[in-house]
$ cat model05.pdb   # PDB, C-alpha atoms
ATOM      1  CA  MET Q1296      99.491  13.970   6.228
ATOM      2  CA  ILE Q1297     100.129  17.709   5.960
ATOM      3  CA  ALA Q1298      96.392  18.369   6.176
ATOM      4  CA  ALA Q1299      96.235  16.204   9.307
ATOM      5  CA  THR Q1300      98.903  18.260  11.050
ATOM      6  CA  ASN Q1301      96.830  21.408  10.452
ATOM      7  CA  GLY Q1302      93.544  20.109  11.866
ATOM      8  CA  TRP Q1303      92.143  17.724  14.447
ATOM      9  CA  VAL Q1304      89.797  15.789  12.134
ATOM     10  CA  VAL Q1305      90.419  14.764   8.516
ATOM     11  CA  CYS Q1306      87.271  14.696   6.364
ATOM     12  CA  PHE Q1307      86.626  13.307   2.881
ATOM     13  CA  ASP Q1308      83.185  14.162   1.547
ATOM     14  CA  ASN Q1309      81.097  12.467  -1.153
ATOM     15  CA  LEU Q1310      83.703  10.003  -2.384
ATOM     16  CA  GLU Q1311      83.010   7.387  -5.028
ATOM     17  CA  TYR Q1312      86.025   5.120  -4.627
ATOM     18  CA  LEU Q1313      89.021   4.590  -2.351
ATOM     19  CA  PRO Q1314      92.080   3.377  -4.268
ATOM     20  CA  PRO Q1315      94.361   1.025  -2.320
ATOM     21  CA  TRP Q1316      97.049   3.641  -1.692
ATOM     22  CA  ILE Q1317      94.540   5.998  -0.044
ATOM     23  CA  SER Q1318      93.122   3.120   1.993
ATOM     24  CA  ASN Q1319      96.638   2.346   3.240
ATOM     25  CA  ALA Q1320      97.278   6.014   4.034
ATOM     26  CA  LEU Q1321      94.057   6.225   6.070
ATOM     27  CA  CYS Q1322      95.117   3.152   8.041
ATOM     28  CA  ARG Q1323      98.412   4.811   8.940
ATOM     29  CA  LEU Q1324      96.689   8.049   9.872
ATOM     30  CA  ALA Q1325      94.122   6.275  12.071
ATOM     31  CA  THR Q1326      96.739   4.545  14.210
ATOM     32  CA  GLY Q1327      99.648   6.954  13.790
ATOM     33  CA  GLY Q1328     102.041   7.554  10.940
ATOM     34  CA  GLY Q1329     104.546   9.942   9.477
ATOM     35  CA  PHE Q1330     105.712  11.430   6.217
ATOM     36  CA  ALA Q1331     109.184  12.779   5.474
ATOM     37  CA  THR Q1332     110.061  15.219   2.711
ATOM     38  CA  ARG Q1333     112.938  17.523   1.826
ATOM     39  CA  ARG Q1334     112.887  20.830   3.642
ATOM     40  CA  HIS Q1335     112.539  23.730   1.239
ATOM     41  CA  TYR Q1336     115.670  25.651   0.242
ATOM     42  CA  THR Q1337     118.017  22.977   1.601
ATOM     43  CA  ASP Q1338     120.013  20.161   0.049
ATOM     44  CA  ASP Q1339     119.975  17.692   2.931
ATOM     45  CA  GLY Q1340     117.360  19.079   5.327
ATOM     46  CA  GLU Q1341     114.368  16.884   6.084
ATOM     47  CA  MET Q1342     110.906  17.798   7.340
ATOM     48  CA  LEU Q1343     108.903  15.165   9.207
ATOM     49  CA  PHE Q1344     105.127  15.306   9.543
ATOM     50  CA  GLU Q1345     103.579  13.012  12.169
ATOM     51  CA  ALA Q1346      99.911  12.672  13.088
ATOM     52  CA  THR Q1347      97.214  10.424  14.493
ATOM     53  CA  ARG Q1348      93.754  11.694  13.652
ATOM     54  CA  PRO Q1349      90.127  10.581  13.494
ATOM     55  CA  ILE Q1350      88.873  10.411   9.925
ATOM     56  CA  LEU Q1351      85.405  10.969   8.482
ATOM     57  CA  VAL Q1352      84.664   9.489   5.056
ATOM     58  CA  ASN Q1353      81.282   9.461   3.371
ATOM     59  CA  GLY Q1354      79.840   8.428   0.041
ATOM     60  CA  ILE Q1355      76.952   6.573  -1.538
ATOM     61  CA  GLU Q1356      78.874   3.422  -2.431
ATOM     62  CA  GLU Q1357      80.671   1.093  -0.028
ATOM     63  CA  LEU Q1358      84.007   2.888   0.092
ATOM     64  CA  ALA Q1359      86.078   0.731   2.426
ATOM     65  CA  THR Q1360      86.502  -2.857   1.240
ATOM     66  CA  ARG Q1361      90.005  -3.745   2.434
ATOM     67  CA  GLY Q1362      90.180  -5.615   5.706
ATOM     68  CA  ASP Q1363      92.846  -3.482   7.362
ATOM     69  CA  LEU Q1364      90.839  -0.271   6.908
ATOM     70  CA  LEU Q1365      87.519  -1.876   7.826
ATOM     71  CA  ASP Q1366      89.038  -3.230  11.031
ATOM     72  CA  ARG Q1367      89.845   0.352  12.014
ATOM     73  CA  ALA Q1368      86.454   1.762  11.016
ATOM     74  CA  VAL Q1369      83.025   2.294  12.522
ATOM     75  CA  LEU Q1370      80.421   1.914   9.773
ATOM     76  CA  LEU Q1371      77.296   4.067   9.789
ATOM     77  CA  HIS Q1372      74.503   3.685   7.244
ATOM     78  CA  LEU Q1373      72.382   6.825   7.385
ATOM     79  CA  PRO Q1374      68.824   6.797   6.029
ATOM     80  CA  ALA Q1375      67.882   9.102   3.190
ATOM     81  CA  ILE Q1376      65.953  12.222   4.202
ATOM     82  CA  SER Q1377      62.495  12.143   2.672
ATOM     83  CA  GLU Q1378      60.991  15.273   1.150
ATOM     84  CA  PRO Q1379      58.569  16.008   4.038
ATOM     85  CA  HIS Q1380      61.517  16.015   6.476
ATOM     86  CA  ARG Q1381      63.926  18.178   4.487
ATOM     87  CA  ARG Q1382      64.660  21.626   5.859
ATOM     88  CA  ALA Q1383      66.069  24.899   4.638
ATOM     89  CA  GLU Q1384      69.616  25.516   5.805
ATOM     90  CA  ALA Q1385      68.818  28.777   7.600
ATOM     91  CA  GLY Q1386      66.196  27.131   9.811
ATOM     92  CA  PHE Q1387      68.441  24.165  10.542
ATOM     93  CA  TRP Q1388      71.338  26.314  11.736
ATOM     94  CA  GLU Q1389      69.034  28.485  13.815
ATOM     95  CA  ASP Q1390      67.804  25.427  15.718
ATOM     96  CA  PHE Q1391      71.356  24.103  15.989
ATOM     97  CA  ARG Q1392      72.624  27.337  17.540
ATOM     98  CA  ARG Q1393      69.911  27.121  20.187
ATOM     99  CA  ALA Q1394      70.730  23.485  20.957
ATOM    100  CA  TRP Q1395      74.518  23.903  20.775
ATOM    101  CA  PRO Q1396      75.174  24.899  24.445
ATOM    102  CA  GLY Q1397      73.301  21.848  25.702
ATOM    103  CA  LEU Q1398      74.992  19.549  23.185
ATOM    104  CA  LEU Q1399      78.445  20.841  24.085
ATOM    105  CA  GLY Q1400      77.721  20.519  27.797
ATOM    106  CA  ALA Q1401      76.568  16.913  27.370
ATOM    107  CA  LEU Q1402      79.706  16.046  25.382
ATOM    108  CA  LEU Q1403      81.963  17.625  27.991
ATOM    109  CA  ASP Q1404      80.164  15.830  30.833
ATOM    110  CA  ALA Q1405      80.676  12.511  29.035
ATOM    111  CA  LEU Q1406      84.328  13.347  28.374
ATOM    112  CA  VAL Q1407      85.064  14.332  31.974
ATOM    113  CA  GLY Q1408      83.367  11.213  33.297
ATOM    114  CA  ALA Q1409      85.225   8.941  30.878
ATOM    115  CA  LEU Q1410      88.613  10.500  31.642
ATOM    116  CA  ALA Q1411      88.022   9.937  35.359
ATOM    117  CA  ILE Q1412      87.255   6.244  34.794
ATOM    118  CA  LEU Q1413      89.873   5.498  32.142
ATOM    119  CA  PRO Q1414      93.040   5.218  34.315
ATOM    120  CA  THR Q1415      91.638   2.314  36.347
ATOM    121  CA  LEU Q1416      89.693   0.629  33.544
ATOM    122  CA  THR Q1417      90.701  -2.927  32.655
ATOM    123  CA  LEU Q1418      89.138  -5.224  30.072
ATOM    124  CA  PRO Q1419      89.610  -8.987  29.669
ATOM    125  CA  GLY Q1420      90.354  -8.641  25.950
ATOM    126  CA  LEU Q1421      90.938  -5.856  23.481
ATOM    127  CA  PRO Q1422      90.146  -5.500  19.766
ATOM    128  CA  ARG Q1423      92.554  -4.035  17.232
ATOM    129  CA  MET Q1424      91.573  -0.454  18.117
ATOM    130  CA  ALA Q1425      92.360  -1.058  21.763
ATOM    131  CA  ASP Q1426      92.445   2.542  23.008
ATOM    132  CA  PHE Q1427      89.214   3.358  21.194
ATOM    133  CA  ALA Q1428      87.514   0.363  22.810
ATOM    134  CA  ARG Q1429      88.746   1.314  26.285
ATOM    135  CA  PHE Q1430      87.533   4.875  25.870
ATOM    136  CA  GLY Q1431      84.166   3.662  24.588
ATOM    137  CA  VAL Q1432      83.684   1.474  27.655
ATOM    138  CA  ALA Q1433      84.698   4.399  29.881
ATOM    139  CA  VAL Q1434      82.019   6.555  28.234
ATOM    140  CA  GLU Q1435      79.520   3.721  28.684
ATOM    141  CA  ARG Q1436      80.173   3.657  32.417
ATOM    142  CA  ALA Q1437      80.224   7.440  32.752
ATOM    143  CA  LEU Q1438      76.786   7.687  31.119
ATOM    144  CA  ALA Q1439      75.414   4.656  32.991
ATOM    145  CA  TRP Q1440      74.646   2.702  29.839
ATOM    146  CA  PRO Q1441      73.865  -1.023  30.269
ATOM    147  CA  PRO Q1442      77.079  -2.919  31.077
ATOM    148  CA  GLY Q1443      78.674  -4.414  27.994
ATOM    149  CA  SER Q1444      76.509  -2.442  25.576
ATOM    150  CA  PHE Q1445      79.377  -0.580  23.927
ATOM    151  CA  LEU Q1446      81.514  -3.641  23.207
ATOM    152  CA  ALA Q1447      78.461  -5.553  21.976
ATOM    153  CA  THR Q1448      77.539  -2.769  19.556
ATOM    154  CA  TYR Q1449      81.133  -2.271  18.465
ATOM    155  CA  GLY Q1450      81.558  -6.014  17.966
ATOM    156  CA  ALA Q1451      78.453  -6.175  15.773
ATOM    157  CA  ASN Q1452      79.796  -3.290  13.707
ATOM    158  CA  ARG Q1453      83.101  -5.097  13.218
ATOM    159  CA  GLU Q1454      81.280  -8.251  12.137
ATOM    160  CA  ALA Q1455      79.438  -6.220   9.514
ATOM    161  CA  ALA Q1456      82.797  -4.868   8.361
ATOM    162  CA  HIS Q1457      84.166  -8.406   8.018
ATOM    163  CA  GLU Q1458      81.191  -9.319   5.831
ATOM    164  CA  LEU Q1459      82.081  -6.430   3.523
ATOM    165  CA  THR Q1460      85.607  -7.812   3.278
ATOM    166  CA  LEU Q1461      84.238 -11.193   2.207
ATOM    167  CA  GLN Q1462      81.854  -9.630  -0.299
ATOM    168  CA  ALA Q1463      84.754  -7.727  -1.861
ATOM    169  CA  SER Q1464      86.690 -10.977  -2.359
ATOM    170  CA  LEU Q1465      86.009 -12.808  -5.619
ATOM    171  CA  VAL Q1466      86.906 -16.139  -4.012
ATOM    172  CA  ALA Q1467      84.616 -15.511  -1.050
ATOM    173  CA  ALA Q1468      81.772 -14.366  -3.288
ATOM    174  CA  SER Q1469      81.856 -17.716  -5.092
ATOM    175  CA  GLU Q1470      81.751 -19.622  -1.808
ATOM    176  CA  VAL Q1471      79.143 -17.687   0.182
ATOM    177  CA  SER Q1472      75.443 -17.974  -0.550
ATOM    178  CA  PRO Q1473      72.311 -16.895   1.378
ATOM    179  CA  ARG Q1474      71.584 -20.541   2.163
ATOM    180  CA  ARG Q1475      75.091 -21.214   3.414
ATOM    181  CA  PRO Q1476      76.411 -18.256   5.405
ATOM    182  CA  ALA Q1477      80.137 -18.392   5.962
ATOM    183  CA  THR Q1478      82.151 -17.809   9.060
ATOM    184  CA  ASP Q1479      85.814 -16.923   8.704
ATOM    185  CA  ARG Q1480      86.793 -20.495   9.614
ATOM    186  CA  SER Q1481      84.308 -22.274   7.341
ATOM    187  CA  LEU Q1482      85.197 -20.028   4.418
ATOM    188  CA  ALA Q1483      88.909 -20.679   4.891
ATOM    189  CA  CYS Q1484      88.306 -24.444   4.986
ATOM    190  CA  ARG Q1485      86.295 -24.388   1.763
ATOM    191  CA  CYS Q1486      88.935 -22.286   0.022
ATOM    192  CA  ARG Q1487      91.654 -24.733   1.102
ATOM    193  CA  ARG Q1488      89.626 -27.682  -0.197
ATOM    194  CA  ARG Q1489      89.125 -25.946  -3.518
ATOM    195  CA  GLY Q1490      92.844 -25.229  -3.753
ATOM    196  CA  ALA Q1491      93.749 -28.811  -2.834
ATOM    197  CA  GLY Q1492      91.618 -30.145  -5.678
ATOM    198  CA  SER Q1493      93.514 -28.223  -8.314
ATOM    199  CA  ARG Q1494      96.732 -29.455  -9.886
ATOM    200  CA  ARG Q1495      99.464 -27.427 -11.482
ATOM    201  CA  PRO Q1496     100.644 -28.640 -14.869
ATOM    202  CA  ALA Q1497     103.919 -30.528 -14.804
ATOM    203  CA  ARG Q1498     105.385 -28.039 -17.249
ATOM    204  CA  PRO Q1499     104.213 -24.882 -18.958
ATOM    205  CA  PRO Q1500     101.922 -25.549 -21.929
TER     206      PRO Q1500
END

$ encode --input "model05.pdb" --output "structure tokens"
Amino acid sequence: MIAATNGWVVCFDNLEYLPPWISNALCRLATGGGFATRRHYTDDGEMLFEATRPILVNGIEELATRGDLLDRAVLLHLPAISEPHRRAEAGFWEDFRRAWPGLLGALLDALVGALAILPTLTLPGLPRMADFARFGVAVERALAWPPGSFLATYGANREAAHELTLQASLVAASEVSPRRPATDRSLACRCRRRGAGSRRPARPP
């Protein structure tokens, strides 16, 4: 939380695993949270850190497996760079510096257009990350993308995130097979049937 108050983006690079407590902390940071601690050199003084920040997390393994974090995330699977396409760092940054003015101008044009549309934008329904979805649709309209393309892409990404949640569940893994794909409803029904078929012993053995 302290790092978030000192920067506009929080980044975690090349992680192998996200323990549950970090996953919970990232959820709070994504939608707004705070942290209170004793102010230095005082007995009863309190210091409060509050922040809402975008977060970048990358790693080779599937890092986010808990549903609450996945529902706040946009998942990107980047292809590996093959040897013929790898570049020296000096050449990369030289090309980036030449392209940077145009890239920044394009980002600012999209931002200005979206901010002009956002106050009057209404949607029939909103996902969990409601403000993010509204801003995405505003950018879609500012850049004249096909109507509905942002929500369709975002919805597909969220569905992929839900599949990761099921794969991380031991119960779901035993119920889902390639021949019998599971929706949330069908999986819940099968789990209830399995639970109904079991009986607790009348008394401890």

$ axis_aligned_box --input "model05.pdb" --around "stretch 1310-1325 of chain Q" --padding-each-side "3 Å" --output "JSON"
{"center_x": 90.7, "center_y": 5.5, "center_z": 3.5, "size_x": 21.4, "size_y": 15.0, "size_z": 23.1}

$ residues_around --input "model05.pdb" --residues "Q:Ala1298" --least-positions-apart "3" --cutoff "12 Å" --atoms "all atoms listed in the file" --output "ChimeraX atom specification"
/Q:1301-1307,1324,1330,1344-1348,1350

$ resolve_selection --input "model05.pdb" --expression "the PyMOL selection byres ((chain Q and resi 1438-1448) around 12)" --output "NGL selection string"
:Q and (1369-1371 or 1401-1409 or 1412 or 1418-1422 or 1424-1425 or 1427-1437 or 1449-1455)

$ atom_distance --input "model05.pdb" --atom1 "atom CA of Q:Pro1374" --atom2 "atom CA of Q:Leu1351"
17.3 Å

$ atom_distance --input "model05.pdb" --atom1 "atom CA of Q:Pro1349" --atom2 "atom CA of Q:Phe1391"
23.3 Å

$ atom_distance --input "model05.pdb" --atom1 "atom CA of Q:Tyr1312" --atom2 "atom CA of Q:Gly1362"
15.5 Å

$ resolve_selection --input "model05.pdb" --expression "the PyMOL selection byres ((chain Q and resi 1357) around 9)" --output "JSON, numbers by chain"
{"Q": [1311, 1312, 1354, 1355, 1356, 1358, 1359, 1360, 1459]}
